[in-house]
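Okay, start_25.txt is below, compact mmCIF, C-alpha atoms:
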# COMPACT_ATOMS: atom_id res chain seq x y z
CA VAL A 1 -64.20 -146.04 -126.59
CA ALA A 2 -62.47 -148.46 -128.92
CA ALA A 3 -58.69 -148.30 -128.84
CA PRO A 4 -56.86 -147.83 -132.16
CA ASP A 5 -55.52 -150.96 -133.82
CA GLY A 6 -52.33 -152.04 -132.05
CA ASP A 7 -53.06 -149.96 -128.88
CA PRO A 8 -52.42 -152.25 -125.85
CA ARG A 9 -54.87 -150.35 -123.65
CA PRO A 10 -58.12 -152.12 -122.93
CA THR A 11 -61.24 -150.94 -124.67
CA GLY A 12 -63.09 -148.24 -122.79
CA THR A 13 -60.03 -146.69 -121.08
CA LEU A 14 -59.15 -143.04 -121.42
CA ASP A 15 -56.09 -141.06 -120.44
CA ARG A 16 -54.91 -137.47 -120.69
CA ASN A 17 -53.41 -138.11 -124.14
CA ASP A 18 -56.78 -138.95 -125.74
CA SER A 19 -57.70 -135.30 -126.16
CA ALA A 20 -54.37 -134.73 -127.85
CA ARG A 21 -55.04 -137.64 -130.17
CA ARG A 22 -58.31 -135.99 -131.14
CA ARG A 23 -56.47 -132.72 -131.91
CA TRP A 24 -53.46 -134.20 -133.79
CA PRO A 25 -53.69 -136.88 -136.51
CA GLN A 26 -52.22 -140.29 -135.88
CA PRO A 27 -49.16 -141.28 -137.99
CA SER A 28 -51.38 -142.94 -140.60
CA ASP A 29 -53.52 -139.80 -140.78
CA ARG A 30 -50.46 -137.62 -141.27
CA HIS A 31 -49.32 -139.80 -144.12
CA LEU A 32 -52.76 -139.51 -145.73
CA ALA A 33 -52.76 -135.74 -145.28
CA LEU A 34 -49.32 -135.43 -146.87
CA LEU A 35 -50.43 -137.58 -149.81
CA VAL A 36 -53.59 -135.54 -150.39
CA GLY A 37 -51.66 -132.29 -150.05
CA GLY A 38 -49.09 -133.51 -152.58
CA LEU A 39 -51.79 -134.38 -155.07
CA VAL A 40 -53.35 -130.93 -154.72
CA VAL A 41 -50.00 -129.22 -155.28
CA ALA A 42 -49.33 -131.40 -158.33
CA LEU A 43 -52.72 -130.59 -159.82
CA VAL A 44 -52.32 -126.86 -159.23
CA THR A 45 -48.79 -126.91 -160.63
CA GLY A 46 -49.90 -128.88 -163.69
CA PHE A 47 -52.74 -126.43 -164.30
CA GLY A 48 -50.33 -123.52 -164.04
CA LEU A 49 -47.90 -125.13 -166.45
CA GLY A 50 -50.74 -125.82 -168.84
CA ARG A 51 -51.75 -122.16 -168.73
CA ILE A 52 -48.14 -121.15 -169.37
CA GLY A 53 -47.92 -123.57 -172.32
CA ALA A 54 -51.18 -122.25 -173.73
CA GLY A 55 -49.87 -118.73 -173.39
CA ASP A 56 -46.70 -119.67 -175.26
CA GLU A 57 -48.74 -121.25 -178.03
CA ARG A 58 -50.91 -118.15 -178.35
CA SER A 59 -47.84 -115.95 -178.55
CA THR A 60 -46.52 -118.15 -181.36
CA THR A 61 -49.70 -118.26 -183.38
CA GLY A 62 -50.89 -114.81 -182.45
CA GLY A 63 -48.12 -112.88 -184.13
CA THR A 64 -46.01 -111.79 -181.16
CA GLY A 65 -42.89 -113.64 -182.28
CA ALA A 66 -39.92 -111.72 -183.61
CA VAL A 67 -39.62 -111.10 -187.32
CA PRO A 68 -36.70 -113.07 -188.74
CA PRO A 69 -33.75 -111.07 -190.06
CA PRO A 70 -33.78 -110.58 -193.84
CA GLY A 71 -32.58 -113.68 -195.66
CA THR A 72 -32.89 -115.93 -192.60
CA PRO A 73 -34.83 -119.20 -193.05
CA VAL A 74 -37.38 -119.80 -190.30
CA ALA A 75 -38.40 -123.25 -189.12
CA ALA A 76 -41.93 -124.11 -190.12
CA GLY A 77 -44.33 -123.14 -187.34
CA GLN A 78 -41.93 -120.59 -185.78
CA ALA A 79 -42.95 -116.95 -185.56
CA MET A 80 -46.24 -117.61 -187.26
CA SER A 81 -49.49 -115.72 -186.98
CA THR A 82 -52.95 -116.05 -188.44
CA VAL A 83 -55.05 -113.51 -190.28
CA ASP A 84 -58.41 -114.52 -191.77
CA GLY A 85 -57.40 -118.15 -191.37
CA HIS A 86 -54.25 -117.88 -193.48
CA ARG A 87 -50.65 -118.31 -192.31
CA HIS A 88 -47.85 -115.80 -192.54
CA VAL A 89 -44.63 -114.76 -190.86
CA ALA A 90 -45.44 -112.63 -187.83
CA GLY A 91 -45.26 -108.94 -188.64
CA THR A 92 -44.36 -109.33 -192.31
CA GLY A 93 -47.64 -109.83 -194.11
CA PRO A 94 -46.95 -112.71 -196.56
CA HIS A 95 -48.85 -115.91 -195.99
CA THR A 96 -49.43 -119.44 -197.22
CA HIS A 97 -52.78 -121.07 -197.82
CA PRO A 98 -53.51 -124.07 -195.64
CA GLY A 99 -53.23 -127.79 -196.28
CA ASP A 100 -56.00 -130.27 -196.95
CA ASP A 101 -57.12 -130.39 -193.32
CA GLY A 102 -57.56 -126.63 -193.03
CA THR A 103 -55.03 -126.37 -190.19
CA SER A 104 -52.00 -124.18 -189.88
CA GLN A 105 -49.58 -127.03 -190.54
CA THR A 106 -47.25 -126.66 -193.47
CA GLN A 107 -48.29 -129.21 -196.08
CA ALA A 108 -49.36 -129.51 -199.66
CA ALA A 109 -53.05 -128.92 -200.35
CA GLY A 110 -55.41 -129.83 -203.17
CA THR A 111 -54.63 -133.55 -203.17
CA THR A 112 -58.18 -134.37 -202.06
CA VAL A 113 -61.61 -133.47 -203.38
CA SER A 114 -62.96 -133.03 -199.84
CA ALA A 115 -61.59 -131.27 -196.75
CA GLY A 116 -63.00 -129.58 -193.70
CA GLY A 117 -66.46 -130.97 -194.42
CA TYR A 118 -66.60 -129.40 -197.91
CA THR A 119 -66.44 -131.15 -201.29
CA LEU A 120 -65.62 -129.89 -204.77
CA GLN A 121 -68.33 -131.22 -207.10
CA PRO A 122 -67.71 -130.55 -210.83
CA VAL A 123 -70.61 -130.62 -213.27
CA GLU A 124 -68.29 -131.73 -216.10
CA ARG A 125 -65.27 -133.98 -215.75
CA SER A 126 -63.91 -133.66 -219.29
CA GLN A 127 -63.90 -131.43 -222.35
CA PRO A 128 -62.55 -131.53 -225.93
CA ALA A 129 -59.12 -130.12 -226.73
CA GLY A 130 -58.89 -126.59 -228.08
CA VAL A 131 -62.53 -125.71 -227.36
CA THR A 132 -63.64 -123.11 -224.82
CA VAL A 133 -66.30 -124.55 -222.51
CA ASN A 134 -68.17 -123.17 -219.55
CA TYR A 135 -66.59 -125.09 -216.68
CA ARG A 136 -69.10 -125.43 -213.84
CA PHE A 137 -68.83 -126.76 -210.31
CA ARG A 138 -70.24 -126.44 -206.79
CA ILE A 139 -68.75 -126.48 -203.32
CA ILE A 140 -70.93 -128.83 -201.27
CA GLY A 141 -71.04 -127.98 -197.57
CA THR A 142 -71.55 -129.99 -194.42
CA ASP A 143 -75.34 -129.79 -194.91
CA ARG A 144 -74.96 -131.50 -198.33
CA ARG A 145 -76.10 -128.35 -200.07
CA ALA A 146 -74.17 -125.98 -202.33
CA ALA A 147 -72.30 -123.49 -200.17
CA THR A 148 -72.90 -119.81 -200.91
CA GLY A 149 -71.21 -118.07 -197.98
CA PHE A 150 -67.72 -117.27 -199.27
CA ALA A 151 -65.30 -114.65 -197.97
CA VAL A 152 -63.47 -112.23 -200.24
CA VAL A 153 -59.76 -113.07 -200.14
CA HIS A 154 -57.33 -111.16 -202.35
CA GLU A 155 -60.20 -109.32 -204.02
CA LYS A 156 -61.95 -112.55 -205.12
CA THR A 157 -64.30 -115.03 -203.49
CA LEU A 158 -62.66 -118.00 -205.22
CA HIS A 159 -59.43 -118.62 -207.12
CA LEU A 160 -59.43 -121.49 -209.63
CA ILE A 161 -56.01 -122.88 -210.56
CA VAL A 162 -55.64 -125.28 -213.50
CA VAL A 163 -52.48 -127.22 -214.35
CA GLY A 164 -51.67 -130.32 -216.40
CA ARG A 165 -50.50 -133.46 -214.68
CA ASP A 166 -47.16 -132.87 -216.42
CA LEU A 167 -47.13 -129.41 -214.71
CA ALA A 168 -47.71 -127.58 -218.00
CA GLY A 169 -50.69 -125.47 -219.08
CA TYR A 170 -51.02 -123.36 -215.91
CA GLN A 171 -54.01 -121.01 -215.60
CA HIS A 172 -55.23 -118.77 -212.75
CA LEU A 173 -58.96 -118.06 -213.20
CA HIS A 174 -61.74 -116.35 -211.25
CA PRO A 175 -65.19 -117.93 -211.68
CA THR A 176 -68.48 -116.26 -210.87
CA MET A 177 -71.13 -117.80 -208.63
CA ALA A 178 -74.84 -118.03 -209.39
CA PRO A 179 -77.40 -117.59 -206.57
CA ASP A 180 -77.81 -121.38 -206.33
CA GLY A 181 -74.11 -121.84 -205.55
CA THR A 182 -73.03 -123.00 -209.03
CA TRP A 183 -69.70 -121.52 -210.13
CA SER A 184 -68.77 -121.09 -213.80
CA VAL A 185 -65.82 -119.86 -215.81
CA PRO A 186 -64.73 -120.12 -219.48
CA LEU A 187 -62.00 -122.74 -219.75
CA LYS A 188 -59.92 -123.70 -222.77
CA LEU A 189 -57.40 -126.56 -222.67
CA SER A 190 -55.38 -126.86 -225.84
CA ARG A 191 -53.68 -130.23 -225.27
CA PRO A 192 -55.12 -133.69 -224.56
CA GLY A 193 -54.22 -135.23 -221.24
CA GLY A 194 -55.02 -135.15 -217.56
CA TYR A 195 -55.35 -131.93 -215.57
CA ARG A 196 -55.79 -130.96 -211.95
CA ILE A 197 -58.23 -128.20 -211.05
CA TYR A 198 -57.89 -126.51 -207.64
CA ALA A 199 -60.55 -124.41 -205.93
CA ASP A 200 -58.84 -122.05 -203.47
CA PHE A 201 -61.33 -120.23 -201.22
CA SER A 202 -62.51 -119.37 -197.72
CA VAL A 203 -66.00 -120.18 -196.50
CA THR A 204 -67.84 -118.41 -193.72
CA THR A 205 -68.85 -121.04 -191.17
CA PRO A 206 -72.21 -120.98 -189.32
CA GLY A 207 -70.32 -119.60 -186.32
CA GLY A 208 -69.15 -116.62 -188.37
CA SER A 209 -65.47 -117.60 -188.64
CA ARG A 210 -63.52 -118.11 -191.85
CA LEU A 211 -62.32 -121.54 -192.95
CA PRO A 212 -59.69 -121.43 -195.74
CA LEU A 213 -59.59 -124.51 -197.96
CA VAL A 214 -58.05 -125.82 -201.17
CA LEU A 215 -59.88 -128.66 -202.91
CA GLY A 216 -58.66 -130.46 -206.04
CA VAL A 217 -60.30 -132.59 -208.71
CA ASP A 218 -59.06 -134.35 -211.86
CA HIS A 219 -60.18 -133.23 -215.31
CA LEU A 220 -59.63 -135.00 -218.63
CA VAL A 221 -59.11 -133.85 -222.20
CA PRO A 222 -59.45 -136.97 -224.40
CA GLY A 223 -56.93 -137.65 -227.13
CA ALA A 224 -53.36 -138.73 -227.71
CA HIS A 225 -51.33 -137.28 -224.87
CA SER A 226 -47.69 -136.29 -225.24
CA PRO A 227 -46.41 -135.24 -221.80
CA THR A 228 -44.19 -132.18 -221.66
CA ALA A 229 -40.85 -132.91 -220.00
CA LEU A 230 -40.23 -130.83 -216.91
CA PRO A 231 -37.56 -128.21 -217.77
CA PRO A 232 -34.36 -128.21 -215.73
CA PRO A 233 -34.04 -125.59 -212.99
CA HIS A 234 -33.07 -122.09 -214.15
CA ALA A 235 -32.71 -119.01 -211.97
CA ALA A 236 -33.91 -116.68 -214.75
CA VAL A 237 -36.79 -117.23 -217.17
CA THR A 238 -38.69 -115.19 -219.74
CA ALA A 239 -42.30 -114.06 -219.26
CA GLY A 240 -43.50 -111.96 -222.17
CA PRO A 241 -40.98 -109.14 -222.73
CA TYR A 242 -39.57 -109.55 -219.21
CA THR A 243 -36.73 -111.51 -217.69
CA VAL A 244 -37.63 -112.69 -214.21
CA SER A 245 -34.94 -114.01 -211.90
CA MET A 246 -35.62 -116.11 -208.82
CA GLU A 247 -33.38 -115.65 -205.78
CA GLY A 248 -33.24 -118.03 -202.81
CA THR A 249 -32.96 -121.73 -202.08
CA PRO A 250 -36.16 -123.24 -200.65
CA ALA A 251 -35.58 -125.96 -198.05
CA VAL A 252 -37.94 -128.56 -196.62
CA GLY A 253 -39.56 -127.49 -193.36
CA MET A 254 -38.00 -124.02 -193.46
CA MET A 255 -39.64 -120.71 -194.32
CA SER A 256 -37.01 -119.66 -196.83
CA PRO A 257 -36.92 -116.20 -198.45
CA THR A 258 -37.65 -116.52 -202.17
CA SER A 259 -37.62 -113.34 -204.25
CA PHE A 260 -38.43 -112.48 -207.85
CA ARG A 261 -36.84 -109.60 -209.75
CA VAL A 262 -38.49 -108.40 -212.99
CA VAL A 263 -36.47 -106.51 -215.62
CA ARG A 264 -36.94 -105.50 -219.23
CA SER A 265 -33.88 -104.88 -221.42
CA GLY A 266 -31.79 -104.64 -218.28
CA THR A 267 -34.05 -102.05 -216.64
CA PRO A 268 -36.11 -102.92 -213.54
CA ALA A 269 -39.82 -103.07 -214.35
CA GLN A 270 -42.45 -101.31 -212.25
CA VAL A 271 -44.45 -104.24 -210.87
CA GLU A 272 -48.03 -103.31 -210.00
CA ARG A 273 -50.46 -104.69 -207.46
CA TYR A 274 -52.44 -107.65 -208.74
CA LEU A 275 -55.30 -109.01 -206.63
CA GLY A 276 -54.17 -106.89 -203.71
CA ALA A 277 -50.51 -107.98 -203.76
CA TYR A 278 -47.36 -107.42 -205.81
CA GLY A 279 -47.42 -111.02 -206.93
CA HIS A 280 -48.83 -114.48 -206.29
CA LEU A 281 -46.85 -117.69 -206.16
CA VAL A 282 -48.37 -121.12 -206.80
CA VAL A 283 -46.09 -124.12 -206.34
CA VAL A 284 -47.18 -127.62 -207.42
CA ARG A 285 -45.32 -130.81 -206.51
CA GLU A 286 -44.49 -133.32 -209.23
CA GLY A 287 -46.31 -136.64 -208.84
CA ASP A 288 -49.26 -136.14 -206.49
CA LEU A 289 -49.71 -132.50 -207.59
CA GLY A 290 -49.66 -131.21 -204.03
CA TYR A 291 -50.37 -127.47 -204.06
CA VAL A 292 -48.90 -124.54 -202.13
CA HIS A 293 -50.15 -120.95 -202.62
CA VAL A 294 -48.01 -118.17 -201.18
CA HIS A 295 -48.43 -114.39 -201.00
CA PRO A 296 -45.58 -111.89 -200.64
CA GLU A 297 -44.40 -109.12 -198.39
CA PRO A 298 -46.75 -106.11 -198.52
CA GLU A 299 -44.14 -104.05 -200.40
CA PRO A 300 -41.22 -104.93 -202.69
CA VAL A 301 -37.96 -105.54 -200.84
CA ASP A 302 -34.90 -104.03 -202.54
CA GLY A 303 -36.85 -103.89 -205.79
CA ALA A 304 -37.89 -107.56 -205.68
CA VAL A 305 -41.15 -109.30 -204.79
CA LYS A 306 -40.30 -111.35 -201.71
CA PHE A 307 -42.08 -114.49 -200.52
CA TRP A 308 -41.51 -116.91 -197.64
CA LEU A 309 -41.79 -120.35 -199.21
CA THR A 310 -41.97 -123.59 -197.23
CA PRO A 311 -41.80 -126.72 -199.43
CA PRO A 312 -43.64 -129.51 -197.58
CA SER A 313 -41.33 -132.34 -198.72
CA PRO A 314 -38.32 -133.16 -200.90
CA GLY A 315 -38.99 -133.49 -204.62
CA ARG A 316 -39.38 -131.52 -207.81
CA TYR A 317 -41.81 -128.64 -207.98
CA ARG A 318 -43.06 -126.27 -210.63
CA ALA A 319 -43.41 -122.68 -209.41
CA PHE A 320 -45.72 -120.16 -211.12
CA PHE A 321 -45.14 -116.49 -210.29
CA ASP A 322 -48.00 -114.20 -211.37
CA PHE A 323 -47.14 -110.50 -211.65
CA GLN A 324 -48.57 -107.44 -213.35
CA VAL A 325 -46.86 -104.64 -215.31
CA ASP A 326 -48.71 -101.91 -217.25
CA GLY A 327 -52.05 -103.57 -216.53
CA THR A 328 -51.06 -106.92 -218.05
CA VAL A 329 -50.61 -110.09 -215.99
CA HIS A 330 -47.68 -112.37 -216.82
CA THR A 331 -46.57 -115.71 -215.39
CA ALA A 332 -42.96 -116.75 -214.87
CA GLU A 333 -42.49 -120.52 -214.48
CA TYR A 334 -39.66 -122.33 -212.70
CA THR A 335 -38.58 -125.85 -211.86
CA ILE A 336 -37.37 -126.20 -208.27
CA ASP A 337 -35.44 -129.17 -206.92
CA VAL A 338 -36.02 -129.43 -203.17
CA ARG A 339 -33.72 -131.74 -201.26
Show this structure as structure tokens.
Amino acid sequence: VAAPDGDPRPTGTLDRNDSARRRWPQPSDRHLALLVGGLVVALVTGFGLGRIGAGDERSTTGGTGAVPPPGTPVAAGQAMSTVDGHRHVAGTGPHTHPGDDGTSQTQAAGTTVSAGGYTLQPVERSQPAGVTVNYRFRIIGTDRRAATGFAVVHEKTLHLIVVGRDLAGYQHLHPTMAPDGTWSVPLKLSRPGGYRIYADFSVTTPGGSRLPLVLGVDHLVPGAHSPTALPPPHAAVTAGPYTVSMEGTPAVGMMSPTSFRVVRSGTPAQVERYLGAYGHLVVVREGDLGYVHVHPEPEPVDGAVKFWLTPPSPGRYRAFFDFQVDGTVHTAEYTIDVR
């Protein structure tokens, strides 16, 4: 029997301690055992912590977070949940459409023509001023074919938003889709200049899930363009026969309560449901025309239509509040300075 390294006994000798050596590890073996055991404990502990972290993330995105007290701004990403791919404050119902990458991160959308493997492909890129044309486009999918599997969101399969690059000329339209995937809608643009057209929709993926997206493309009306100056911020504006006041101070990175109160001759108006909600809020950022689409609480709060708005960055924005009274849809427009 060979003696261990450093053992002074001659090779081939045995004593009564050899059986004990076979039963108990040598010092070097004990050190190895402790090292291996420590690694196993570390791996198990890390796995457990990972499971705990995943559980925390699910509770955040799954809607188990507490609802913020009325009027309390909520940090972006806090107490969020997902329904049909859209984002909203847990337990409250309002939600914001996603950014260009289709994730739940708070950001402006519509700054790209492609996102999530889908591309907005217009048939026409320009039209004459003051003439109604049939605006046509397709949503090209990951298979390079026109997508036709769209989910109904807010009573429509696709919402088309049009606004001038000077943030004037807002329109909220609902095209119809032909069997070949070509969408069309009558569109009239009265002033020459550049416009941004946003397609806001959710597609049904091959796996059966919903992917919400907002894609944007430029559109041109040839002619001499005279940009409209952005009006200064005002808390109350006129929309048809109604005065609509905006309450709240949106802040970057915070889900801030923003409410709209509609009155006529000093008397509160009875706001009706429009596209499944008591109002819709589209906010477009000056410059790159980044787009945010927000939906309100399921019911009016203290007589006002309440949203949770999260501006993605400092800057000036133009907010468009669509509401319906007596079967007629009106739009109240605001300039918002976000600092």
(Q) Applying 9 Å and only C-alpha atoms, which residues near Ala151 in chain A remain after dropping the ones on its own chain fewer than 2 positions away? List them as a list in words. (A)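 My list of contacting residues is Gly149, Val153, Lys156, Thr157, Leu158, Phe201, Ser202, Val203, Thr204 and Arg210 of chain A.
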**Q.** Atomic distance CA of Val305 in chain A - CA of Ser259 in chain A, expressed in Å with one decimal
**A.** 5.4 Å
Around range 145-164 of chain A, fit a box with edges along x, y and z, padding it by 3 Å on each side, then list its centre and edge lengths in Å to one decimal as JSON.
{"center_x": -63.9, "center_y": -119.8, "center_z": -207.2, "size_x": 30.4, "size_y": 27.0, "size_z": 24.4}
Q.
When you count all atoms listed in the file, which of these residues is closest to Glu155 in chain A: A:Arg273, A:His293, A:Arg138, A:Arg339?
A.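 Closest residue, counting all atoms listed in the file: A:Arg273.
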(Q) Under the rule that only C-alpha atoms are counted, which of A:Val282, A:Leu160, A:Val113, A:Ala146 is the nearest residue to Pro186 in chain A? (A)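 Under the stated criterion, the closest residue is A:Leu160.
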Q | Nearest to Ala147 in chain A, chosen from A:Ser184, A:Gln127, A:Thr205, A:Ser114, with only C-alpha atoms counted in the distances | A | A:Thr205
Q) Just how far from CA of Glu247 in chain A is CA of Glu299 in chain A, in Å to one decimal? A) 16.7 Å
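Reported to one decimal place, the separation of CA of Pro192 in chain A from CA of Thr228 in chain A is 11.4 Å.
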Q. From the list A:Leu167, A:Leu173, A:Ala224, A:Ala109, which residue is nearest Ala129 in chain A when using only C-alpha atoms?
A.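 Of A:Leu167, A:Leu173, A:Ala224, A:Ala109, the one nearest Ala129 in chain A, counting only C-alpha atoms, is A:Ala224.
Minimum atom-to-atom distances from A:Asp143, A:Asp288, A:Glu333, A:Asp166 to Thr243 in chain A were compared using only C-alpha atoms, and the lowest value belongs to A:Glu333.
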Q | Residue contacts of Ser126 in chain A (12 Å, only C-alpha atoms) excluding same-chain residues fewer than 3 positions away, as a PyMOL selection string | A | chain A and resi 122-123+129+131-136+187-189+192-197+217-223
Grab the residues selected above and save them as an mmCIF file, in the coordinates of the input with C-alpha atoms.
data_model
loop_
_atom_site.group_PDB
_atom_site.id
_atom_site.type_symbol
_atom_site.label_atom_id
_atom_site.label_comp_id
_atom_site.auth_asym_id
_atom_site.auth_seq_id
_atom_site.Cartn_x
_atom_site.Cartn_y
_atom_site.Cartn_z
ATOM 1 C CA PRO A 122 -67.710 -130.550 -210.830
ATOM 2 C CA VAL A 123 -70.610 -130.620 -213.270
ATOM 3 C CA ALA A 129 -59.120 -130.120 -226.730
ATOM 4 C CA VAL A 131 -62.530 -125.710 -227.360
ATOM 5 C CA THR A 132 -63.640 -123.110 -224.820
ATOM 6 C CA VAL A 133 -66.300 -124.550 -222.510
ATOM 7 C CA ASN A 134 -68.170 -123.170 -219.550
ATOM 8 C CA TYR A 135 -66.590 -125.090 -216.680
ATOM 9 C CA ARG A 136 -69.100 -125.430 -213.840
ATOM 10 C CA LEU A 187 -62.000 -122.740 -219.750
ATOM 11 C CA LYS A 188 -59.920 -123.700 -222.770
ATOM 12 C CA LEU A 189 -57.400 -126.560 -222.670
ATOM 13 C CA PRO A 192 -55.120 -133.690 -224.560
ATOM 14 C CA GLY A 193 -54.220 -135.230 -221.240
ATOM 15 C CA GLY A 194 -55.020 -135.150 -217.560
ATOM 16 C CA TYR A 195 -55.350 -131.930 -215.570
ATOM 17 C CA ARG A 196 -55.790 -130.960 -211.950
ATOM 18 C CA ILE A 197 -58.230 -128.200 -211.050
ATOM 19 C CA VAL A 217 -60.300 -132.590 -208.710
ATOM 20 C CA ASP A 218 -59.060 -134.350 -211.860
ATOM 21 C CA HIS A 219 -60.180 -133.230 -215.310
ATOM 22 C CA LEU A 220 -59.630 -135.000 -218.630
ATOM 23 C CA VAL A 221 -59.110 -133.850 -222.200
ATOM 24 C CA PRO A 222 -59.450 -136.970 -224.400
ATOM 25 C CA GLY A 223 -56.930 -137.650 -227.130
#
Q. Nearest to Asp302 in chain A among A:His159, A:Ala108, A:Val152, A:Pro268, with distances taken over only C-alpha atoms: which residue is it?
A. A:Pro268
**Q.** Contacts of range 315-327 of chain A within 7 Å, all atoms listed in the file, excl. fewer than 3 positions in-chain, as a list in words
**A.** Leu167, Gln270, Val271, Glu272, Arg273, Tyr274, Tyr278, Gly279, His280, Leu281, Val282, Val283, Val284, Arg285, Glu286, His330, Thr331, Ala332, Glu333, Tyr334, Thr335, Ile336, Asp337, Val338 and Arg339 of chain A
Prev. selection, C-alpha atoms, output as a short mmCIF file (atom, residue, chain, number, x, y, z; two decimals), in the frame of the given file:
data_model
loop_
_atom_site.label_atom_id
_atom_site.label_comp_id
_atom_site.auth_asym_id
_atom_site.auth_seq_id
_atom_site.Cartn_x
_atom_site.Cartn_y
_atom_site.Cartn_z
CA LEU A 167 -47.13 -129.41 -214.71
CA GLN A 270 -42.45 -101.31 -212.25
CA VAL A 271 -44.45 -104.24 -210.87
CA GLU A 272 -48.03 -103.31 -210.00
CA ARG A 273 -50.46 -104.69 -207.46
CA TYR A 274 -52.44 -107.65 -208.74
CA TYR A 278 -47.36 -107.42 -205.81
CA GLY A 279 -47.42 -111.02 -206.93
CA HIS A 280 -48.83 -114.48 -206.29
CA LEU A 281 -46.85 -117.69 -206.16
CA VAL A 282 -48.37 -121.12 -206.80
CA VAL A 283 -46.09 -124.12 -206.34
CA VAL A 284 -47.18 -127.62 -207.42
CA ARG A 285 -45.32 -130.81 -206.51
CA GLU A 286 -44.49 -133.32 -209.23
CA HIS A 330 -47.68 -112.37 -216.82
CA THR A 331 -46.57 -115.71 -215.39
CA ALA A 332 -42.96 -116.75 -214.87
CA GLU A 333 -42.49 -120.52 -214.48
CA TYR A 334 -39.66 -122.33 -212.70
CA THR A 335 -38.58 -125.85 -211.86
CA ILE A 336 -37.37 -126.20 -208.27
CA ASP A 337 -35.44 -129.17 -206.92
CA VAL A 338 -36.02 -129.43 -203.17
CA ARG A 339 -33.72 -131.74 -201.26
#
Q) If we count all atoms listed in the file, what is near Val214 in chain A at a cut-off of 6 Å, once residues fewer than 5 positions away on the same chain are taken out, given as number ranges by chain? A) A: 109-110, 199-200
